[in-house]
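Colleague: Structure file final-v9.txt (compact mmCIF, C-alpha atoms) is given on the next line.
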```
# COMPACT_ATOMS: atom_id res chain seq x y z
CA SER A 30 -14.79 -11.40 -15.59
CA CYS A 31 -12.38 -8.57 -14.77
CA LYS A 32 -14.07 -5.56 -13.22
CA LEU A 33 -12.44 -2.15 -13.47
CA PHE A 34 -12.72 0.64 -10.95
CA PHE A 35 -15.06 3.34 -12.33
CA ALA A 36 -16.16 1.06 -15.20
CA ASP A 37 -18.24 3.76 -16.95
CA ASP A 38 -15.24 6.04 -17.24
CA PRO A 39 -12.13 4.04 -16.32
CA VAL A 40 -8.81 5.63 -15.45
CA LYS A 41 -5.63 4.61 -17.25
CA ILE A 42 -2.80 4.84 -14.72
CA VAL A 43 0.75 4.99 -16.10
CA LYS A 44 2.82 6.12 -13.12
CA ALA A 45 2.67 6.35 -9.32
CA LYS A 46 4.75 7.75 -6.49
CA GLY A 47 4.04 7.69 -2.76
CA GLN A 48 0.28 8.13 -2.28
CA TYR A 49 -0.31 9.58 -5.75
CA MET A 50 -1.12 7.98 -9.10
CA TYR A 51 -0.91 9.61 -12.54
CA ASP A 52 -2.96 8.97 -15.66
CA GLU A 53 -1.73 9.12 -19.27
CA ASN A 54 -2.43 12.86 -19.37
CA GLY A 55 -0.27 13.47 -16.29
CA ARG A 56 -3.22 14.19 -13.99
CA GLN A 57 -2.52 13.43 -10.32
CA TYR A 58 -4.94 11.29 -8.29
CA LEU A 59 -4.83 10.79 -4.52
CA ASP A 60 -4.86 7.04 -3.85
CA CYS A 61 -7.00 6.11 -0.83
CA ILE A 62 -7.49 2.50 -2.01
CA ASN A 63 -4.10 0.92 -2.39
CA ASN A 64 -3.04 -0.99 0.71
CA VAL A 65 -0.80 -3.14 -1.55
CA ALA A 66 1.67 -0.27 -2.05
CA HIS A 67 2.01 -0.29 1.73
CA VAL A 68 4.88 2.15 2.23
CA GLY A 69 4.08 4.14 -0.92
CA HIS A 70 4.08 3.46 -4.65
CA CYS A 71 7.53 2.89 -6.21
CA HIS A 72 9.36 3.60 -2.96
CA PRO A 73 13.02 4.17 -3.94
CA ALA A 74 14.38 1.92 -1.17
CA ILE A 75 12.18 -0.98 -2.30
CA VAL A 76 13.00 -0.46 -5.99
CA LYS A 77 16.73 -0.35 -5.13
CA ALA A 78 16.61 -3.55 -3.03
CA ALA A 79 14.79 -5.42 -5.83
CA HIS A 80 17.17 -4.14 -8.50
CA GLU A 81 20.34 -4.95 -6.56
CA GLN A 82 19.27 -8.49 -5.66
CA ASN A 83 17.97 -9.09 -9.19
CA GLN A 84 21.45 -8.33 -10.51
CA LEU A 85 23.02 -10.93 -8.21
CA LEU A 86 20.67 -13.90 -8.05
CA ASN A 87 17.08 -15.04 -8.12
CA THR A 88 16.40 -18.73 -7.72
CA ASN A 89 14.24 -21.17 -5.82
CA SER A 90 14.76 -22.01 -2.16
CA ARG A 91 16.48 -25.38 -2.68
CA TYR A 92 19.75 -23.56 -1.92
CA LEU A 93 20.92 -21.80 1.22
CA HIS A 94 20.53 -18.04 1.14
CA ASP A 95 20.92 -15.45 3.90
CA ASN A 96 17.95 -13.31 2.79
CA LEU A 97 15.50 -16.07 3.65
CA VAL A 98 16.80 -16.51 7.20
CA ASP A 99 17.35 -12.79 7.79
CA TYR A 100 13.79 -12.03 6.72
CA ALA A 101 12.27 -14.77 8.89
CA GLU A 102 14.29 -13.48 11.87
CA ARG A 103 13.17 -9.90 11.30
CA LEU A 104 9.52 -10.95 11.01
CA SER A 105 9.76 -13.08 14.16
CA LYS A 106 10.75 -9.97 16.16
CA THR A 107 7.37 -8.39 15.35
CA LEU A 108 5.34 -11.43 16.45
CA PRO A 109 4.65 -13.20 19.76
CA GLY A 110 7.43 -15.69 20.57
CA LYS A 111 5.50 -18.90 19.91
CA LEU A 112 4.92 -17.93 16.24
CA CYS A 113 8.44 -18.90 15.23
CA THR A 114 8.10 -21.00 12.07
CA PHE A 115 7.66 -19.32 8.68
CA TYR A 116 6.52 -20.53 5.28
CA PHE A 117 7.09 -18.14 2.36
CA LEU A 118 4.77 -18.04 -0.64
CA ASN A 119 3.76 -15.74 -3.49
CA SER A 120 0.27 -14.53 -2.62
CA GLY A 121 -2.21 -14.11 0.20
CA SER A 122 -4.43 -16.77 -1.35
CA GLU A 123 -1.56 -19.28 -1.23
CA ALA A 124 -0.92 -18.31 2.40
CA ASN A 125 -4.53 -18.86 3.45
CA ASP A 126 -4.70 -22.16 1.57
CA LEU A 127 -1.59 -23.38 3.39
CA ALA A 128 -3.00 -22.18 6.74
CA LEU A 129 -6.07 -24.33 6.09
CA ARG A 130 -3.87 -27.36 5.35
CA LEU A 131 -1.74 -26.77 8.45
CA ALA A 132 -4.83 -26.55 10.66
CA ARG A 133 -6.34 -29.72 9.25
CA GLN A 134 -3.13 -31.71 9.48
CA TYR A 135 -2.48 -30.59 13.07
CA THR A 136 -6.02 -31.10 14.41
CA LYS A 137 -6.99 -34.07 12.19
CA HIS A 138 -10.36 -32.31 11.85
CA GLU A 139 -11.97 -30.87 8.73
CA ASP A 140 -14.53 -28.19 9.58
CA VAL A 141 -13.92 -24.44 9.51
CA ILE A 142 -15.77 -21.58 11.19
CA VAL A 143 -15.67 -18.27 9.31
CA LEU A 144 -17.24 -14.85 9.79
CA ASP A 145 -20.13 -13.82 7.57
CA HIS A 146 -19.22 -11.73 4.49
CA ALA A 147 -15.57 -12.85 4.82
CA TYR A 148 -13.24 -13.03 1.85
CA HIS A 149 -10.05 -15.09 2.21
CA GLY A 150 -8.85 -15.50 -1.38
CA HIS A 151 -9.57 -16.78 -4.88
CA LEU A 152 -8.45 -20.43 -4.72
CA THR A 153 -11.19 -23.07 -4.72
CA SER A 154 -10.42 -23.99 -1.10
CA LEU A 155 -10.78 -20.33 -0.05
CA ILE A 156 -13.91 -19.53 -2.01
CA ASP A 157 -15.40 -22.40 0.00
CA ILE A 158 -14.68 -20.45 3.22
CA SER A 159 -15.56 -17.00 1.86
CA PRO A 160 -19.30 -16.29 2.29
CA TYR A 161 -18.77 -13.11 0.24
CA LYS A 162 -18.08 -15.40 -2.74
CA PHE A 163 -19.80 -18.74 -2.13
CA ARG A 164 -23.24 -17.20 -1.52
CA ASN A 165 -23.24 -16.28 -5.22
CA LEU A 166 -21.79 -19.61 -6.37
CA GLU A 167 -22.50 -23.22 -5.29
CA GLY A 168 -23.41 -22.22 -1.76
CA GLN A 169 -22.17 -23.43 1.60
CA LYS A 170 -20.29 -26.71 2.01
CA GLU A 171 -21.30 -28.98 4.90
CA TRP A 172 -17.89 -28.51 6.57
CA VAL A 173 -18.19 -24.70 6.64
CA HIS A 174 -19.92 -22.87 9.50
CA VAL A 175 -20.68 -19.14 9.33
CA ALA A 176 -20.59 -17.00 12.48
CA PRO A 177 -22.09 -13.50 12.60
CA VAL A 178 -19.64 -10.62 12.07
CA PRO A 179 -18.79 -8.97 15.41
CA ASP A 180 -20.13 -5.66 14.13
CA THR A 181 -21.43 -3.44 16.94
CA TYR A 182 -22.95 -0.91 14.53
CA ARG A 183 -25.26 -2.96 12.31
CA GLY A 184 -24.71 -6.52 13.55
CA LEU A 185 -26.76 -8.81 15.80
CA TYR A 186 -25.45 -7.22 19.01
CA ARG A 187 -24.94 -3.49 18.84
CA GLU A 188 -23.30 -0.70 20.83
CA ASP A 189 -26.21 -0.64 23.31
CA HIS A 190 -25.80 -4.36 24.17
CA GLU A 191 -24.56 -4.96 27.73
CA ASP A 192 -21.87 -7.46 26.67
CA SER A 193 -21.52 -7.76 22.90
CA VAL A 194 -18.14 -9.53 23.26
CA THR A 195 -19.60 -12.52 25.11
CA ALA A 196 -22.74 -12.50 22.97
CA TYR A 197 -20.75 -12.74 19.71
CA ALA A 198 -18.37 -15.35 21.18
CA ASN A 199 -21.38 -17.41 22.31
CA GLU A 200 -22.52 -17.52 18.69
CA VAL A 201 -19.25 -19.34 17.93
CA LYS A 202 -19.81 -21.64 20.90
CA ASN A 203 -23.33 -22.48 19.65
CA ILE A 204 -21.99 -23.24 16.16
CA ILE A 205 -19.46 -25.67 17.68
CA GLU A 206 -22.15 -27.39 19.77
CA GLN A 207 -24.44 -27.78 16.75
CA ALA A 208 -21.56 -29.14 14.66
CA HIS A 209 -20.67 -31.69 17.35
CA LYS A 210 -24.28 -32.89 17.44
CA ARG A 211 -23.93 -33.69 13.74
CA GLY A 212 -20.64 -35.54 14.33
CA ARG A 213 -18.52 -32.74 12.80
CA LYS A 214 -15.18 -31.65 14.25
CA ILE A 215 -13.70 -28.15 14.10
CA ALA A 216 -10.23 -27.69 12.58
CA ALA A 217 -10.09 -23.90 12.66
CA PHE A 218 -11.72 -20.57 13.27
CA PHE A 219 -10.57 -18.46 10.33
CA ALA A 220 -10.94 -14.69 10.72
CA GLU A 221 -9.62 -11.47 9.24
CA SER A 222 -8.27 -9.57 12.24
CA LEU A 223 -10.32 -6.61 10.95
CA PRO A 224 -12.99 -7.74 8.47
CA SER A 225 -12.48 -5.56 5.41
CA VAL A 226 -14.79 -6.78 2.64
CA GLY A 227 -17.37 -7.20 5.44
CA GLY A 228 -17.42 -3.41 5.83
CA GLN A 229 -14.25 -2.21 7.61
CA ILE A 230 -15.32 -3.77 10.91
CA ILE A 231 -13.46 -3.30 14.22
CA PRO A 232 -14.35 -6.33 16.40
CA PRO A 233 -14.82 -5.44 20.08
CA ALA A 234 -11.66 -6.10 22.14
CA GLY A 235 -11.76 -9.47 23.86
CA TYR A 236 -13.92 -11.17 21.22
CA PHE A 237 -11.06 -13.17 19.69
CA GLN A 238 -9.91 -14.39 23.13
CA LYS A 239 -13.37 -15.72 23.97
CA ALA A 240 -13.98 -17.21 20.53
CA ALA A 241 -10.52 -18.85 20.59
CA GLU A 242 -11.29 -20.38 23.99
CA HIS A 243 -14.33 -22.17 22.54
CA VAL A 244 -12.38 -23.21 19.43
CA HIS A 245 -9.41 -24.55 21.40
CA LYS A 246 -11.76 -26.53 23.67
CA ALA A 247 -13.17 -28.14 20.52
CA GLY A 248 -9.65 -29.09 19.40
CA GLY A 249 -9.40 -26.40 16.73
CA VAL A 250 -6.89 -23.61 16.04
CA PHE A 251 -7.28 -19.87 15.55
CA ILE A 252 -6.09 -18.43 12.22
CA ALA A 253 -5.67 -14.64 11.96
CA ASP A 254 -5.77 -13.37 8.37
CA GLU A 255 -3.61 -10.20 8.42
CA ILE A 256 -3.29 -9.93 4.64
CA GLN A 257 -5.04 -6.56 4.39
CA VAL A 258 -4.41 -5.15 7.85
CA GLY A 259 -0.97 -6.18 9.16
CA PHE A 260 2.40 -4.43 9.09
CA GLY A 261 1.60 -1.38 11.19
CA ARG A 262 -1.51 -0.24 9.34
CA VAL A 263 -3.53 -0.03 12.56
CA GLY A 264 -0.93 2.34 14.00
CA LYS A 265 -0.57 1.51 17.67
CA HIS A 266 0.31 -2.13 16.91
CA PHE A 267 2.27 -3.91 14.21
CA TRP A 268 -0.48 -6.54 13.86
CA ALA A 269 -4.22 -5.89 13.89
CA PHE A 270 -4.90 -8.95 16.09
CA GLN A 271 -2.98 -7.10 18.86
CA LEU A 272 -5.89 -4.63 19.09
CA GLN A 273 -7.69 -7.44 20.92
CA GLY A 274 -5.20 -7.22 23.79
CA GLU A 275 -1.60 -8.18 24.47
CA ASP A 276 -2.68 -11.56 25.84
CA PHE A 277 -4.16 -12.74 22.53
CA VAL A 278 -1.96 -14.91 20.33
CA PRO A 279 -3.34 -16.72 17.24
CA ASP A 280 -2.04 -20.20 16.34
CA ILE A 281 -1.45 -19.22 12.71
CA VAL A 282 -1.02 -15.77 11.11
CA THR A 283 -1.21 -15.22 7.35
CA MET A 284 0.22 -12.22 5.53
CA GLY A 285 0.41 -10.99 1.94
CA LYS A 286 -0.13 -7.84 -0.17
CA PRO A 287 1.58 -5.09 1.86
CA ILE A 288 4.61 -7.17 2.85
CA GLY A 289 6.09 -6.81 -0.65
CA ASN A 290 4.81 -3.29 -1.41
CA GLY A 291 3.41 -4.51 -4.73
CA HIS A 292 5.82 -7.41 -5.26
CA PRO A 293 4.19 -10.87 -4.95
CA ILE A 294 5.30 -12.27 -1.60
CA ALA A 295 3.30 -13.82 1.23
CA CYS A 296 3.95 -15.66 4.46
CA VAL A 297 2.42 -18.01 7.03
CA ALA A 298 3.73 -17.83 10.60
CA THR A 299 2.87 -20.61 13.02
CA THR A 300 4.04 -22.58 16.05
CA LYS A 301 6.67 -25.28 16.05
CA GLU A 302 4.06 -27.91 17.07
CA ILE A 303 1.79 -27.15 14.11
CA ALA A 304 4.74 -27.07 11.69
CA GLU A 305 6.05 -30.40 13.00
CA ALA A 306 2.64 -32.06 12.63
CA PHE A 307 2.57 -30.81 9.04
CA ALA A 308 6.08 -32.14 8.31
CA ALA A 309 5.22 -35.49 9.89
CA THR A 310 3.11 -36.46 6.87
CA GLY A 311 6.38 -37.08 5.01
CA VAL A 312 5.00 -35.07 2.09
CA GLU A 313 7.22 -32.02 1.69
CA TYR A 314 5.80 -28.56 1.22
CA PHE A 315 7.63 -26.90 -1.64
CA ASN A 316 6.86 -23.54 -3.22
CA THR A 317 9.15 -22.86 -6.18
CA PHE A 318 9.49 -19.12 -5.77
CA GLY A 319 8.19 -18.59 -2.24
CA GLY A 320 11.07 -17.09 -0.27
CA ASN A 321 13.32 -16.43 -3.28
CA PRO A 322 16.22 -14.02 -2.68
CA VAL A 323 14.59 -11.09 -4.50
CA SER A 324 11.27 -11.41 -2.64
CA CYS A 325 13.08 -11.60 0.71
CA ALA A 326 15.29 -8.60 -0.14
CA ILE A 327 12.12 -6.64 -0.87
CA GLY A 328 10.46 -7.89 2.32
CA LEU A 329 13.46 -6.74 4.37
CA ALA A 330 13.42 -3.34 2.64
CA VAL A 331 9.71 -2.89 3.49
CA LEU A 332 10.44 -3.57 7.18
CA ASP A 333 13.34 -1.10 7.03
CA VAL A 334 11.13 1.63 5.58
CA ILE A 335 8.35 1.07 8.16
CA GLU A 336 10.97 1.46 10.89
CA LYS A 337 13.06 4.34 9.47
CA GLU A 338 10.07 6.43 8.41
CA HIS A 339 8.18 5.73 11.67
CA LEU A 340 5.14 4.68 9.64
CA GLN A 341 3.33 3.10 12.58
CA ALA A 342 3.40 6.35 14.55
CA HIS A 343 2.50 8.20 11.35
CA ALA A 344 -0.53 5.89 10.79
CA THR A 345 -1.72 6.60 14.34
CA GLU A 346 -1.34 10.37 14.04
CA VAL A 347 -2.80 10.76 10.53
CA GLY A 348 -5.48 8.13 11.16
CA ASN A 349 -6.68 9.90 14.33
CA PHE A 350 -6.71 13.22 12.47
CA LEU A 351 -8.72 11.73 9.58
CA MET A 352 -11.18 10.08 12.01
CA GLU A 353 -11.72 13.41 13.81
CA LEU A 354 -12.42 15.21 10.52
CA LEU A 355 -14.83 12.45 9.46
CA LYS A 356 -16.63 12.54 12.82
CA GLU A 357 -17.16 16.30 12.36
CA GLN A 358 -18.83 15.47 9.03
CA LYS A 359 -21.00 12.89 10.80
CA MET A 360 -22.42 15.67 13.00
CA LYS A 361 -23.14 17.70 9.89
CA HIS A 362 -24.46 15.09 7.42
CA PRO A 363 -27.12 12.59 8.61
CA ILE A 364 -26.13 10.23 5.74
CA ILE A 365 -22.97 9.35 7.73
CA GLY A 366 -24.11 6.72 10.20
CA ASP A 367 -20.81 5.53 11.60
CA VAL A 368 -17.10 6.31 11.42
CA ARG A 369 -14.85 3.49 12.64
CA GLY A 370 -11.27 2.45 12.30
CA SER A 371 -7.77 2.20 13.64
CA GLY A 372 -4.71 3.89 12.15
CA LEU A 373 -5.05 4.02 8.36
CA PHE A 374 -7.85 1.42 8.22
CA ILE A 375 -11.09 3.41 8.35
CA GLY A 376 -14.70 2.83 7.29
CA VAL A 377 -17.46 5.42 6.82
CA ASP A 378 -20.89 3.76 6.91
CA LEU A 379 -23.43 5.66 4.77
CA ILE A 380 -27.09 5.18 5.67
CA LYS A 381 -30.51 6.18 4.36
CA ASP A 382 -32.04 6.74 7.80
CA GLN A 383 -30.69 6.94 11.35
CA ALA A 384 -33.22 4.57 12.95
CA GLU A 385 -33.08 1.66 10.50
CA ARG A 386 -29.46 2.18 9.40
CA THR A 387 -30.45 1.11 5.88
CA PRO A 388 -27.35 1.03 3.62
CA ALA A 389 -27.13 4.06 1.30
CA THR A 390 -25.76 2.00 -1.59
CA ALA A 391 -26.61 4.27 -4.53
CA GLU A 392 -25.41 7.35 -2.65
CA ALA A 393 -22.07 5.67 -1.83
CA GLU A 394 -21.63 4.71 -5.48
CA TYR A 395 -22.44 8.27 -6.56
CA LEU A 396 -19.98 9.69 -4.03
CA ILE A 397 -16.98 7.61 -5.17
CA THR A 398 -17.77 8.39 -8.81
CA ARG A 399 -17.82 12.12 -8.03
CA LEU A 400 -14.66 11.86 -5.91
CA LYS A 401 -12.88 10.33 -8.91
CA GLU A 402 -13.84 13.42 -10.92
CA GLU A 403 -12.15 15.46 -8.15
CA TYR A 404 -9.02 13.27 -8.54
CA ILE A 405 -9.55 11.17 -5.40
CA LEU A 406 -9.61 7.37 -5.70
CA LEU A 407 -11.76 5.73 -3.03
CA SER A 408 -13.81 2.52 -3.03
CA THR A 409 -16.80 1.05 -1.20
CA ASP A 410 -17.34 -2.26 0.55
CA GLY A 411 -19.59 -4.08 3.00
CA PRO A 412 -22.60 -6.30 2.32
CA GLY A 413 -24.55 -3.20 1.25
CA ARG A 414 -21.64 -1.68 -0.74
CA ASN A 415 -22.24 1.46 1.33
CA VAL A 416 -19.06 1.70 3.41
CA LEU A 417 -16.39 4.11 2.19
CA LYS A 418 -13.15 2.22 2.66
CA PHE A 419 -9.92 4.03 3.51
CA LYS A 420 -6.77 1.90 3.17
CA PRO A 421 -4.27 4.31 1.58
CA PRO A 422 -0.49 3.85 1.35
CA MET A 423 1.04 4.53 4.77
CA CYS A 424 2.65 7.80 3.58
CA PHE A 425 -0.84 9.37 3.25
CA ASN A 426 -0.62 12.62 5.25
CA LYS A 427 -2.76 15.20 7.07
CA GLU A 428 -2.93 17.44 4.02
CA ASP A 429 -4.32 14.50 2.01
CA ALA A 430 -6.82 13.77 4.79
CA ARG A 431 -8.07 17.36 4.80
CA PHE A 432 -8.35 17.39 0.99
CA VAL A 433 -10.45 14.19 0.97
CA VAL A 434 -12.75 15.26 3.80
CA ASP A 435 -13.28 18.78 2.43
CA THR A 436 -14.21 17.24 -0.92
CA ILE A 437 -16.60 14.72 0.71
CA ASP A 438 -18.19 17.60 2.64
CA LYS A 439 -18.65 19.61 -0.56
CA LEU A 440 -20.18 16.65 -2.42
CA LEU A 441 -22.52 15.64 0.44
CA THR A 442 -23.64 19.26 0.83
```
Go ahead and express the file in the form of structure tokens.
Modeller:
Amino acid sequence: SCKLFFADDPVKIVKAKGQYMYDENGRQYLDCINNVAHVGHCHPAIVKAAHEQNQLLNTNSRYLHDNLVDYAERLSKTLPGKLCTFYFLNSGSEANDLALRLARQYTKHEDVIVLDHAYHGHLTSLIDISPYKFRNLEGQKEWVHVAPVPDTYRGLYREDHEDSVTAYANEVKNIIEQAHKRGRKIAAFFAESLPSVGGQIIPPAGYFQKAAEHVHKAGGVFIADEIQVGFGRVGKHFWAFQLQGEDFVPDIVTMGKPIGNGHPIACVATTKEIAEAFAATGVEYFNTFGGNPVSCAIGLAVLDVIEKEHLQAHATEVGNFLMELLKEQKMKHPIIGDVRGSGLFIGVDLIKDQAERTPATAEAEYLITRLKEEYILLSTDGPGRNVLKFKPPMCFNKEDARFVVDTIDKLLT
């Protein structure tokens, strides 16, 4: 059940550094896929922090340890003030599962609204709220409600719609009304701040505010899944949900992958009220290695590197440069239907024809196979598997951007 990248001719990677990976023959590949190695593969500062703490102590969080508190404090400085309680875990799936439990305990409701094509993790509870998975398995549970993706390129309401924000938010409102008619109650609206598996979607600004309004009125909470897109990837903000506007604050934020730069660490940030309702059950939440001293030392080192190397500003500058180059290609090659993104989170939507916007699935597959032969690792996503998905390590630079786009141009030509 394990699927390799480039299954017909897989690559054996033995080493990596920064934004480059090396196979067993020493050939260098440019990595445009790996958002897990957030600040760059094998970053010396991260390796050093892990090594030094490993030599001192690694144990569970039943003991006091400064790293845990220091890391929570550092994270809290990046988030809106009300998100002041932190749970540490080992993976994004664990984080999303806990977020679901927190929401249900706090609201005393069960039902969850999710966006179509969403993927929130591989635990049973999360496959149930991931249309990307459950559509191919047992199907939709009665407590799950699927809202259309706020995609203004190929969604229900497109760029020519007079008010796509309200139209998409009204879809959430309608779902809530229908659920109430059936006696269901909404615990949470669960959304990736930028839907990734759904096709690198950038929701229109203001959509989360309006959707959250409907959800709060129904007694539910808003959960922002930042596992793929947090930690400065979008450039101008530390968190992708902040693209919606400074006034938007989720009730729960989940994080994973990039926060450990390849080390398994994850986190849930929430409000004091939600945390207290969760604690009030009298059943403790304990995660043996969540928040262990080594994980927290690594987490702190990642934050240090983002700050010292100005990676947010770098993501903005390089991301804008890459988007400009890709938009030039869009003028030249009719197969490129849309270029969208923020910072180093970018999607290139390949289409068969301009009017229908039919996904160019086979062409996208061909393109990434050929790019691999040119030593560039890129992947596709979206319901039609036709969106080229850029989520490289944050040290990806302008030279890399030009190399990728020149190669894409050559192959499309």
Colleague: Identify, on the basis of only C-alpha atoms, every residue whose closest approach to Ile437 (chain A) does not exceed 9 Å; exclude the query and any residue fewer than 5 positions from it along the same chain; express the result as a PyMOL selection string.
Modeller: chain A and resi 358+396+400+432+442
Colleague: Leaving out region 372-389 of chain A and any residue of its chain fewer than 4 positions from it, which residues lie within 9 Å of it when counting only C-alpha atoms, given as an mmCIF file with C-alpha atoms, in the frame of the given file?
Modeller:
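Once everything was written out, this is part37.cif:
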```cif
data_model
loop_
_atom_site.group_PDB
_atom_site.id
_atom_site.type_symbol
_atom_site.label_atom_id
_atom_site.label_comp_id
_atom_site.auth_asym_id
_atom_site.auth_seq_id
_atom_site.Cartn_x
_atom_site.Cartn_y
_atom_site.Cartn_z
ATOM 1 C CA TYR A 182 -22.950 -0.910 14.530
ATOM 2 C CA ARG A 183 -25.260 -2.960 12.310
ATOM 3 C CA LEU A 223 -10.320 -6.610 10.950
ATOM 4 C CA SER A 225 -12.480 -5.560 5.410
ATOM 5 C CA GLY A 228 -17.420 -3.410 5.830
ATOM 6 C CA GLN A 229 -14.250 -2.210 7.610
ATOM 7 C CA ILE A 230 -15.320 -3.770 10.910
ATOM 8 C CA VAL A 258 -4.410 -5.150 7.850
ATOM 9 C CA GLY A 261 1.600 -1.380 11.190
ATOM 10 C CA ARG A 262 -1.510 -0.240 9.340
ATOM 11 C CA VAL A 263 -3.530 -0.030 12.560
ATOM 12 C CA GLY A 264 -0.930 2.340 14.000
ATOM 13 C CA LYS A 265 -0.570 1.510 17.670
ATOM 14 C CA GLN A 341 3.330 3.100 12.580
ATOM 15 C CA ALA A 342 3.400 6.350 14.550
ATOM 16 C CA HIS A 343 2.500 8.200 11.350
ATOM 17 C CA ALA A 344 -0.530 5.890 10.790
ATOM 18 C CA THR A 345 -1.720 6.600 14.340
ATOM 19 C CA GLU A 346 -1.340 10.370 14.040
ATOM 20 C CA VAL A 347 -2.800 10.760 10.530
ATOM 21 C CA GLY A 348 -5.480 8.130 11.160
ATOM 22 C CA ASN A 349 -6.680 9.900 14.330
ATOM 23 C CA LEU A 351 -8.720 11.730 9.580
ATOM 24 C CA MET A 352 -11.180 10.080 12.010
ATOM 25 C CA LEU A 355 -14.830 12.450 9.460
ATOM 26 C CA PRO A 363 -27.120 12.590 8.610
ATOM 27 C CA ILE A 364 -26.130 10.230 5.740
ATOM 28 C CA ILE A 365 -22.970 9.350 7.730
ATOM 29 C CA GLY A 366 -24.110 6.720 10.200
ATOM 30 C CA ASP A 367 -20.810 5.530 11.600
ATOM 31 C CA VAL A 368 -17.100 6.310 11.420
ATOM 32 C CA ALA A 393 -22.070 5.670 -1.830
ATOM 33 C CA GLU A 394 -21.630 4.710 -5.480
ATOM 34 C CA THR A 409 -16.800 1.050 -1.200
ATOM 35 C CA ASP A 410 -17.340 -2.260 0.550
ATOM 36 C CA GLY A 411 -19.590 -4.080 3.000
ATOM 37 C CA PRO A 412 -22.600 -6.300 2.320
ATOM 38 C CA GLY A 413 -24.550 -3.200 1.250
ATOM 39 C CA ARG A 414 -21.640 -1.680 -0.740
ATOM 40 C CA ASN A 415 -22.240 1.460 1.330
ATOM 41 C CA VAL A 416 -19.060 1.700 3.410
ATOM 42 C CA LEU A 417 -16.390 4.110 2.190
ATOM 43 C CA LYS A 418 -13.150 2.220 2.660
ATOM 44 C CA PHE A 419 -9.920 4.030 3.510
ATOM 45 C CA LYS A 420 -6.770 1.900 3.170
ATOM 46 C CA PRO A 421 -4.270 4.310 1.580
ATOM 47 C CA PRO A 422 -0.490 3.850 1.350
ATOM 48 C CA MET A 423 1.040 4.530 4.770
ATOM 49 C CA PHE A 425 -0.840 9.370 3.250
#
```
Colleague: Please, what distance in Å, to one decimal, runs between CA of Tyr58 (chain A) and CA of Lys337 (chain A)?
Modeller: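 Result for CA of Tyr58 (chain A) versus CA of Lys337 (chain A): 26.2 Å, one decimal.
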Colleague: Fewer than 4 positions away in the same chain doesn't count, so skip those; otherwise give me all residues within 12 Å of Ala128 (chain A), counting all atoms listed in the file, as a ChimeraX atom specification.
Modeller: /A:115-118,121-124,132-135,141,149,154-155,216-220,250-254,279-284,295-300,303-304,307
Colleague: So how far away is CA of Ala147 (chain A) from CA of Tyr236 (chain A), in Å?
Modeller: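 CA of Tyr236 (chain A) sits 16.6 Å away from CA of Ala147 (chain A).
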Colleague: Would you mind listing what lies within 8 Å of Pro232 (chain A) as JSON, numbers by chain, with all atoms listed in the file counted and same-chain residues fewer than 5 positions away left out?
Modeller: {"A": [179, 180, 181, 223]}
Colleague: Show me the residues close to (-19.2, -4.7, 20.1) - anything with an atom within 12 Å, counting all atoms listed in the file - and format the list as a PyMOL selection string.
Modeller: chain A and resi 177-198+230-237+273+369
Colleague: Provide the CA of Val143 (chain A) to CA of Gln271 (chain A) distance in Å, to one decimal place.
Modeller: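 We find that CA of Val143 (chain A) and CA of Gln271 (chain A) lie 19.4 Å from each other.
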Colleague: Using all atoms listed in the file, find the one residue out of A:Leu152, A:Val68, A:Ala326, A:Leu131 that sits nearest to Ala306 (chain A).
Modeller: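 With all atoms listed in the file as the atom set, the closest residue is A:Leu131.
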Colleague: Is there a way to get, as a list in words, all residues within 10 Å of the point (-13.5, -25.4, 19.6) in file coordinates, counting all atoms listed in the file?
Modeller: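 Neighbouring residues, ordered by chain and number, come to Ile142, Val201, Lys202, Ile204, Ile205, Glu206, His209, Lys214, Ile215, Ala216, Ala217, Phe218, Ala240, Ala241, Glu242, His243, Val244, His245, Lys246, Ala247, Gly248, Gly249, Val250 and Phe251 of chain A.
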Colleague: Counting all atoms listed in the file, figure out which residue out of A:Ile405, A:Val65, A:Ala269, A:Val43 gets nearest to Gly285 (chain A).
Modeller: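 For Gly285 (chain A), the nearest of the candidates is A:Val65.
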Colleague: Using all atoms listed in the file, can you tell me which of A:Ile75, A:Leu86, A:Val323, A:Leu354 comes closest to Ala430 (chain A)?
Modeller: A:Leu354
Colleague: With only C-alpha atoms as the atoms that count, which of A:Val278, A:Leu166, A:Leu97, A:Val76 lies nearest to Phe318 (chain A)?
Modeller: A:Leu97
Colleague: Excluding Ile288 (chain A) and residues on its chain fewer than 6 positions from it, collect all residues at most 8 Å away from it, counting all atoms listed in the file, and give them as a list in words.
Modeller: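 Here the answer would be His67, Phe260, Ile294, Ala295, Gly328 and Val331 of chain A.
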Colleague: Using all atoms listed in the file, which of the listed residues (A:Met50, A:Glu392, A:Leu127, A:Thr436) sits closest to Asn316 (chain A)?
Modeller: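 With all atoms listed in the file as the atom set, the closest residue is A:Leu127.
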Colleague: Give the centre and edge lengths of an axis-aligned box, in Å to one decimal, that holds all listed atoms of region 370-387 of chain A with 6 Å on each side, as AutoDock Vina command-line options.
Modeller:
```
--center_x -19.0 --center_y 4.0 --center_z 9.0 --size_x 40.5 --size_y 17.8 --size_z 21.3
```
Colleague: Given all atoms listed in the file as the basis, pick out the residue of A:His138, A:His174, A:Lys239, A:Arg103 nearest to Gln207 (chain A).
Modeller: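 Closest to Gln207 (chain A), using all atoms listed in the file: A:His174.
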